[in-house]
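Colleague: For reference, the file query_22.cif (mmCIF, C-alpha atoms) is included below:
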data_query
loop_
_atom_site.label_atom_id
_atom_site.label_comp_id
_atom_site.auth_asym_id
_atom_site.auth_seq_id
_atom_site.Cartn_x
_atom_site.Cartn_y
_atom_site.Cartn_z
CA MET Y 162 -20.59 24.16 67.00
CA SER Y 163 -17.85 22.45 65.06
CA GLN Y 164 -16.80 18.97 65.91
CA THR Y 165 -13.54 17.28 64.92
CA ARG Y 166 -14.32 13.93 63.33
CA VAL Y 167 -12.20 11.78 61.05
CA LYS Y 168 -13.96 9.83 58.32
CA PRO Y 169 -14.21 6.19 59.32
CA ASP Y 170 -11.76 3.75 57.76
CA HIS Y 171 -13.26 0.59 56.43
CA GLY Y 172 -10.06 -1.39 56.98
CA SER Y 173 -9.73 -2.78 53.47
CA PRO Y 174 -9.09 -1.23 50.08
CA PRO Y 175 -12.10 -0.57 47.81
CA SER Y 176 -13.02 -3.26 45.31
CA ILE Y 177 -11.93 -3.01 41.69
CA PRO Y 178 -14.40 -0.79 39.76
CA ARG Y 179 -16.68 -2.39 37.19
CA TRP Y 180 -15.19 -0.38 34.28
CA VAL Y 181 -11.71 -1.77 35.10
CA LYS Y 182 -13.01 -5.36 35.15
CA ALA Y 183 -14.92 -4.86 31.88
CA SER Y 184 -11.86 -3.30 30.19
CA ALA Y 185 -9.64 -6.15 31.39
CA ILE Y 186 -12.08 -8.71 29.90
CA VAL Y 187 -12.12 -6.82 26.57
CA VAL Y 188 -8.30 -6.72 26.50
CA ILE Y 189 -8.05 -10.46 27.28
CA VAL Y 190 -10.57 -11.28 24.51
CA LEU Y 191 -8.64 -9.13 22.00
CA VAL Y 192 -5.32 -10.76 22.93
CA LEU Y 193 -6.87 -14.25 22.60
CA LEU Y 194 -8.34 -13.28 19.22
CA PHE Y 195 -4.94 -12.03 18.06
CA VAL Y 196 -3.23 -15.26 19.20
CA ILE Y 197 -5.90 -17.44 17.53
CA LEU Y 198 -5.56 -15.47 14.27
CA HIS Y 199 -1.81 -16.00 14.40
CA LEU Y 200 -2.04 -19.72 15.13
CA SER Y 201 -4.62 -20.20 12.37
CA GLY Y 202 -2.16 -18.83 9.83
CA ASN Y 203 -3.65 -15.39 9.19
CA ASP Y 204 -0.36 -13.61 9.71
CA PHE Y 205 -1.04 -10.04 10.65
CA GLY Y 206 1.72 -9.40 13.05
CA PRO Y 207 5.37 -9.76 13.94
CA ALA Y 208 6.08 -12.55 11.44
CA MET Y 209 5.23 -10.07 8.74
CA HIS Y 210 7.54 -7.49 10.30
CA LYS Y 211 10.45 -9.92 10.09
CA MET Y 212 9.97 -10.32 6.36
CA SER Y 213 13.16 -9.58 4.47
CA PHE Y 214 13.20 -6.98 1.78
CA SER Y 215 14.16 -9.54 -0.87
CA SER Y 216 11.04 -11.57 -0.16
CA ILE Y 217 8.93 -8.45 -0.50
CA GLU Y 218 10.48 -7.65 -3.82
CA LEU Y 219 9.14 -10.92 -5.19
CA GLY Y 220 5.72 -9.32 -5.30
CA VAL Y 221 6.82 -6.12 -6.96
CA GLN Y 222 6.00 -5.20 -10.50
CA PRO Y 223 8.57 -2.98 -12.14
CA LEU Y 224 7.24 0.15 -13.79
CA MET A 237 7.05 16.60 44.76
CA THR A 238 4.38 19.08 43.74
CA LEU A 239 4.82 21.24 40.65
CA PRO A 240 4.35 25.01 41.12
CA PRO A 241 1.08 26.18 39.45
CA ARG A 242 2.79 27.92 36.50
CA LEU A 243 5.00 24.94 35.71
CA ARG A 244 2.05 22.57 36.15
CA LYS A 245 0.05 24.55 33.55
CA LEU A 246 3.01 24.52 31.18
CA VAL A 247 3.42 20.74 31.48
CA LEU A 248 -0.35 20.24 31.17
CA THR A 249 -0.43 22.35 28.00
CA ALA A 250 2.47 20.37 26.54
CA HIS A 251 0.85 17.05 27.50
CA VAL A 252 -2.53 17.90 25.93
CA THR A 253 -0.82 19.26 22.80
CA PHE A 254 1.32 16.13 22.34
CA ALA A 255 -1.48 13.68 23.11
CA VAL A 256 -4.09 15.34 20.90
CA GLY A 257 -1.47 15.97 18.20
CA TRP A 258 -0.66 12.24 18.19
CA LEU A 259 -4.36 11.45 17.84
CA GLY A 260 -4.67 13.94 14.97
CA ALA A 261 -1.64 12.54 13.17
CA VAL A 262 -3.04 8.99 13.40
CA ALA A 263 -6.40 10.32 12.18
CA ALA A 264 -4.57 11.68 9.10
CA PHE A 265 -2.69 8.39 8.68
CA LEU A 266 -5.84 6.23 8.62
CA PRO A 267 -7.48 7.60 5.41
CA LEU A 268 -4.11 7.26 3.66
CA ALA A 269 -4.01 3.60 4.72
CA VAL A 270 -7.57 3.16 3.38
CA VAL A 271 -6.62 4.72 0.03
CA GLY A 272 -3.48 2.54 -0.09
CA VAL A 273 -5.62 -0.59 0.14
CA THR A 274 -8.63 0.44 -1.96
CA SER A 275 -7.34 2.69 -4.75
CA GLN A 276 -6.72 1.33 -8.26
CA ASP A 277 -4.52 4.31 -9.16
CA ALA A 278 -0.94 2.98 -8.90
CA GLN A 279 0.65 6.45 -8.76
CA LEU A 280 -1.70 7.55 -6.01
CA VAL A 281 -0.94 4.40 -3.98
CA ARG A 282 2.81 4.97 -4.33
CA SER A 283 2.46 8.59 -3.17
CA VAL A 284 0.27 7.51 -0.26
CA TYR A 285 2.86 5.10 1.18
CA MET A 286 5.65 7.64 0.84
CA ALA A 287 3.48 10.22 2.63
CA MET A 288 2.60 7.67 5.34
CA ASP A 289 6.27 7.01 5.95
CA LEU A 290 6.98 10.73 6.36
CA ILE A 291 4.01 11.27 8.69
CA ALA A 292 4.96 8.24 10.80
CA ARG A 293 8.65 9.08 11.00
CA PHE A 294 8.51 12.83 11.62
CA VAL A 295 5.16 13.35 13.35
CA ILE A 296 3.70 10.19 14.88
CA VAL A 297 6.88 8.73 16.38
CA PRO A 298 8.03 11.96 18.14
CA LEU A 299 4.49 12.63 19.33
CA SER A 300 4.21 9.10 20.74
CA PHE A 301 7.26 9.53 22.98
CA ALA A 302 6.42 13.01 24.26
CA PRO A 303 3.32 12.05 26.34
CA LEU A 304 5.40 9.32 27.99
CA LEU A 305 7.48 12.12 29.51
CA THR A 306 4.84 14.77 30.18
CA GLY A 307 2.19 12.34 31.49
CA PRO A 308 4.21 10.84 34.37
CA LEU A 309 5.71 14.28 35.12
CA LEU A 310 2.23 15.76 35.42
CA SER A 311 0.92 12.86 37.50
CA LEU A 312 3.84 12.80 39.90
CA GLY A 313 3.80 16.61 40.20
CA THR A 314 0.17 16.68 41.36
CA PRO A 315 -1.84 14.91 44.09
CA TRP A 316 -3.19 12.51 41.43
CA GLY A 317 0.00 10.41 41.47
CA LEU A 318 0.99 7.88 38.82
CA PHE A 319 -0.34 4.65 40.36
CA ARG A 320 -3.08 5.89 42.67
CA HIS A 321 -6.02 5.84 40.26
CA TYR A 322 -6.98 3.14 37.78
CA TRP A 323 -7.67 5.63 34.98
CA ILE A 324 -4.12 6.99 35.14
CA VAL A 325 -2.62 3.47 35.18
CA ALA A 326 -4.85 2.55 32.20
CA LYS A 327 -3.72 5.65 30.27
CA LEU A 328 -0.08 4.89 31.00
CA LEU A 329 -0.41 1.25 29.89
CA ILE A 330 -2.25 2.18 26.66
CA THR A 331 0.36 4.85 25.86
CA ILE A 332 3.30 2.48 26.49
CA LEU A 333 1.68 -0.33 24.45
CA SER A 334 0.75 2.02 21.60
CA THR A 335 4.32 3.36 21.44
CA ILE A 336 5.80 -0.17 21.38
CA ILE A 337 3.34 -1.36 18.69
CA LEU A 338 4.10 1.77 16.66
CA GLN A 339 7.83 1.02 16.78
CA VAL A 340 7.14 -2.54 15.61
CA HIS A 341 5.12 -1.19 12.68
CA MET A 342 7.75 1.33 11.58
CA ARG A 343 9.61 -1.38 9.69
CA PRO A 344 6.75 -2.41 7.37
CA ILE A 345 5.87 1.27 6.85
CA SER A 346 9.45 1.95 5.73
CA TYR A 347 9.45 -1.16 3.52
CA LEU A 348 6.24 -0.11 1.80
CA ALA A 349 7.58 3.41 1.25
CA GLU A 350 10.87 2.07 -0.08
CA VAL A 351 9.12 -0.25 -2.53
CA ALA A 352 6.68 2.51 -3.51
CA ALA A 353 9.59 4.85 -4.29
CA LYS A 354 10.91 2.36 -6.87
CA THR A 355 7.97 0.52 -8.35
CA THR A 356 4.24 -0.09 -8.12
CA LEU A 357 3.02 -2.17 -5.19
CA SER A 358 1.51 -5.57 -5.91
CA GLY A 359 1.65 -9.12 -4.62
CA ALA A 360 0.06 -10.99 -1.74
CA GLU A 361 2.78 -10.18 0.81
CA LEU A 362 2.60 -6.47 0.17
CA HIS A 363 -1.20 -6.57 0.19
CA GLY A 364 -1.00 -8.26 3.60
CA MET A 365 1.22 -5.46 4.86
CA GLN A 366 -1.11 -2.83 3.43
CA ILE A 367 -4.05 -4.42 5.26
CA GLN A 368 -1.93 -4.57 8.40
CA MET A 369 -1.27 -0.80 8.18
CA LEU A 370 -5.00 -0.19 7.90
CA VAL A 371 -5.89 -2.40 10.87
CA ALA A 372 -3.04 -1.04 13.01
CA SER A 373 -3.90 2.61 12.35
CA ALA A 374 -7.60 2.02 13.07
CA ALA A 375 -6.69 0.25 16.33
CA ALA A 376 -4.27 3.07 17.25
CA LEU A 377 -6.94 5.70 16.64
CA LEU A 378 -9.38 3.80 18.87
CA ALA A 379 -6.75 3.43 21.62
CA LEU A 380 -5.92 7.16 21.51
CA ILE A 381 -9.61 8.12 21.65
CA VAL A 382 -9.91 5.90 24.75
CA THR A 383 -6.93 7.60 26.44
CA THR A 384 -8.39 11.04 25.64
CA ALA A 385 -11.77 10.00 27.08
CA LEU A 386 -10.07 8.62 30.21
CA GLY A 387 -8.28 11.95 30.70
CA VAL A 388 -11.52 13.91 30.36
CA TYR A 389 -13.94 11.67 32.31
CA LYS A 390 -11.45 10.47 34.96
CA PRO A 391 -13.57 7.45 35.98
CA LYS A 392 -13.61 6.71 39.69
CA GLY A 393 -11.55 3.97 41.21
CA MET A 394 -8.54 4.02 43.48
CA THR A 395 -5.84 1.36 43.36
CA PRO A 396 -4.86 -0.47 46.58
CA TYR A 397 -1.62 1.58 46.51
CA GLY A 398 -3.57 4.85 46.18
CA TRP A 399 -5.93 3.82 48.96
CA ARG A 400 -2.99 3.00 51.25
CA LYS A 401 -1.32 6.35 50.51
CA GLN A 402 -4.55 8.21 51.20
CA TYR A 403 -4.98 6.29 54.46
CA GLU A 404 -1.42 7.20 55.54
CA GLN A 405 -2.02 10.86 54.72
CA ARG A 406 -5.24 10.89 56.75
CA ARG A 407 -3.41 9.43 59.72
CA VAL A 408 -0.70 12.10 59.44
CA SER A 409 -3.10 15.04 58.93
CA PRO A 410 -6.64 14.16 60.05
CA ALA A 411 -7.64 17.84 59.79
CA VAL A 412 -8.01 17.33 56.05
CA ASP A 413 -11.17 15.30 56.60
CA VAL A 414 -12.68 17.33 59.39
CA ALA A 415 -16.43 17.59 59.12
CA THR A 416 -18.20 20.62 60.57
#
What does this structure look like when you write it as structure tokens?

Modeller:
Amino acid sequence: MSQTRVKPDHGSPPSIPRWVKASAIVVIVLVLLFVILHLSGNDFGPAMHKMSFSSIELGVQPL
Amino acid sequence: MTLPPRLRKLVLTAHVTFAVGWLGAVAAFLPLAVVGVTSQDAQLVRSVYMAMDLIARFVIVPLSFAPLLTGPLLSLGTPWGLFRHYWIVAKLLITILSTIILQVHMRPISYLAEVAAKTTLSGAELHGMQIQMLVASAAALLALIVTTALGVYKPKGMTPYGWRKQYEQRRVSPAVDVAT
């Protein structure tokens, strides 16, 4: 005999899964690493993108 | 809004094609970046940066924007939703970030190609840019492999928004969860 029954609600949303927490920690570590690299003078990022073409040409050897 | 099955398959096919095509293009870009940094052959290095510019401009950039259209369309057109599951939110964030970072890197790619078209590449600043291309393309490849894996494995986890929506739907139509 079938019986109509709704799954019980637990009243609160489920907790954040472990894989989401672990990924968030990895992302935060990577961002911190990137910021530290920048502050320590190892310019890998946007500062390099702003470089003008004339400054690049200083390092160019003509053929 | 739910997409009709035929249209859903069409959008899914387009989404997979664009996303995997983007991954493949970055996979082709990475060895060129490695050769650009490691090779001693000046002519080869010049050709490499001109090829990288072409690949980035005509393949990678268009393919990076396409999944931003097909992905949300597919999510919103199916019961998955766009913000209901963590894996979909994660994919969306990675795709948006990757596209932004790619746009930022288009300038140095074009600079390197422009210099390579005229002369040989040397100097500390250019070497820094060449290293940057290598690091950025390796990071992009890793990010795109992660998004592909997320799409295949679909790890469990519902967002508070998704949970609330599901709760509302159960209240409206409890027959969905009827146990026999």

Colleague: If I take CA of Tyr322 in chain A and CA of Ala261 in chain A, how far is one from the other in Å, to one decimal?

Modeller: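 Computing the Euclidean distance for CA of Tyr322 in chain A and CA of Ala261 in chain A yields 26.9 Å.
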
Colleague: Give as a list in words the set of residues within 6 Å of the point (0.8, 8.3, 32.2), where distances use the file's coordinates and all atoms listed in the file.

Modeller: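 Using all atoms listed in the file, the matching residues come out as Gly307, Pro308, Ile324, Lys327 and Leu328 of chain A.
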
Colleague: Specify as a PyMOL selection string each residue included when the PyMOL selection byres ((chain A and resi 357) around 12) is applied to this file.

Modeller: (chain Y and resi 217-224) or (chain A and resi 272-273+275-286+347-356+358-366)

Colleague: If the PyMOL selection byres ((chain A and resi 315) around 12) is run on the structure shown, which residues does it catch, given as a list in words?

Modeller: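 Applying the expression gives Met237, Thr238, Leu239, Arg244, Leu309, Leu310, Ser311, Leu312, Gly313, Thr314, Trp316, Gly317, Leu318, Phe319, Arg320, His321, Gly398, Lys401, Gln402 and Gln405 of chain A.
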
Colleague: Go ahead and compute the interatomic distance for CA of Ile336 in chain A and CA of Lys245 in chain A, in Å to one decimal.

Modeller: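 If I compute the distance from CA of Ile336 in chain A to CA of Lys245 in chain A, I get 28.1 Å.
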
Colleague: Just give me the gap between CA of Ser334 in chain A and CA of Ile291 in chain A in Å, one decimal is fine.

Modeller: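 Value for the CA of Ser334 in chain A-CA of Ile291 in chain A distance: 16.2 Å.
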
Colleague: Can you take the partial range 351-368 of chain A, add N, CA and C atoms, and return it as an mmCIF file, in the frame of the given file?

Modeller:
data_model
loop_
_atom_site.group_PDB
_atom_site.id
_atom_site.type_symbol
_atom_site.label_atom_id
_atom_site.label_comp_id
_atom_site.auth_asym_id
_atom_site.auth_seq_id
_atom_site.Cartn_x
_atom_site.Cartn_y
_atom_site.Cartn_z
ATOM 1 N N VAL A 351 9.594 0.424 -1.308
ATOM 2 C CA VAL A 351 9.120 -0.250 -2.530
ATOM 3 C C VAL A 351 8.353 0.732 -3.399
ATOM 4 N N ALA A 352 7.499 1.547 -2.756
ATOM 5 C CA ALA A 352 6.680 2.510 -3.510
ATOM 6 C C ALA A 352 7.547 3.530 -4.233
ATOM 7 N N ALA A 353 8.714 3.860 -3.667
ATOM 8 C CA ALA A 353 9.590 4.850 -4.290
ATOM 9 C C ALA A 353 10.201 4.316 -5.582
ATOM 10 N N LYS A 354 10.269 2.967 -5.699
ATOM 11 C CA LYS A 354 10.910 2.360 -6.870
ATOM 12 C C LYS A 354 9.914 1.868 -7.903
ATOM 13 N N THR A 355 8.892 1.194 -7.425
ATOM 14 C CA THR A 355 7.970 0.520 -8.350
ATOM 15 C C THR A 355 6.530 0.613 -7.850
ATOM 16 N N THR A 356 5.614 0.001 -8.603
ATOM 17 C CA THR A 356 4.240 -0.090 -8.120
ATOM 18 C C THR A 356 4.142 -1.234 -7.122
ATOM 19 N N LEU A 357 3.173 -1.144 -6.217
ATOM 20 C CA LEU A 357 3.020 -2.170 -5.190
ATOM 21 C C LEU A 357 2.002 -3.214 -5.634
ATOM 22 N N SER A 358 2.439 -4.477 -5.629
ATOM 23 C CA SER A 358 1.510 -5.570 -5.910
ATOM 24 C C SER A 358 2.035 -6.829 -5.234
ATOM 25 N N GLY A 359 1.231 -7.875 -5.251
ATOM 26 C CA GLY A 359 1.650 -9.120 -4.620
ATOM 27 C C GLY A 359 0.959 -9.337 -3.296
ATOM 28 N N ALA A 360 0.815 -10.617 -2.945
ATOM 29 C CA ALA A 360 0.060 -10.990 -1.740
ATOM 30 C C ALA A 360 0.736 -10.496 -0.472
ATOM 31 N N GLU A 361 2.088 -10.588 -0.417
ATOM 32 C CA GLU A 361 2.780 -10.180 0.810
ATOM 33 C C GLU A 361 2.596 -8.690 1.067
ATOM 34 N N LEU A 362 2.764 -7.914 0.006
ATOM 35 C CA LEU A 362 2.600 -6.470 0.170
ATOM 36 C C LEU A 362 1.154 -6.123 0.503
ATOM 37 N N HIS A 363 0.211 -6.849 -0.115
ATOM 38 C CA HIS A 363 -1.200 -6.570 0.190
ATOM 39 C C HIS A 363 -1.469 -6.858 1.667
ATOM 40 N N GLY A 364 -0.858 -7.936 2.182
ATOM 41 C CA GLY A 364 -1.000 -8.260 3.600
ATOM 42 C C GLY A 364 -0.483 -7.132 4.481
ATOM 43 N N MET A 365 0.647 -6.577 4.101
ATOM 44 C CA MET A 365 1.220 -5.460 4.860
ATOM 45 C C MET A 365 0.322 -4.223 4.788
ATOM 46 N N GLN A 366 -0.235 -3.995 3.593
ATOM 47 C CA GLN A 366 -1.110 -2.830 3.430
ATOM 48 C C GLN A 366 -2.347 -2.954 4.325
ATOM 49 N N ILE A 367 -2.902 -4.168 4.383
ATOM 50 C CA ILE A 367 -4.050 -4.420 5.260
ATOM 51 C C ILE A 367 -3.638 -4.225 6.720
ATOM 52 N N GLN A 368 -2.446 -4.689 7.027
ATOM 53 C CA GLN A 368 -1.930 -4.570 8.400
ATOM 54 C C GLN A 368 -1.830 -3.101 8.811
#
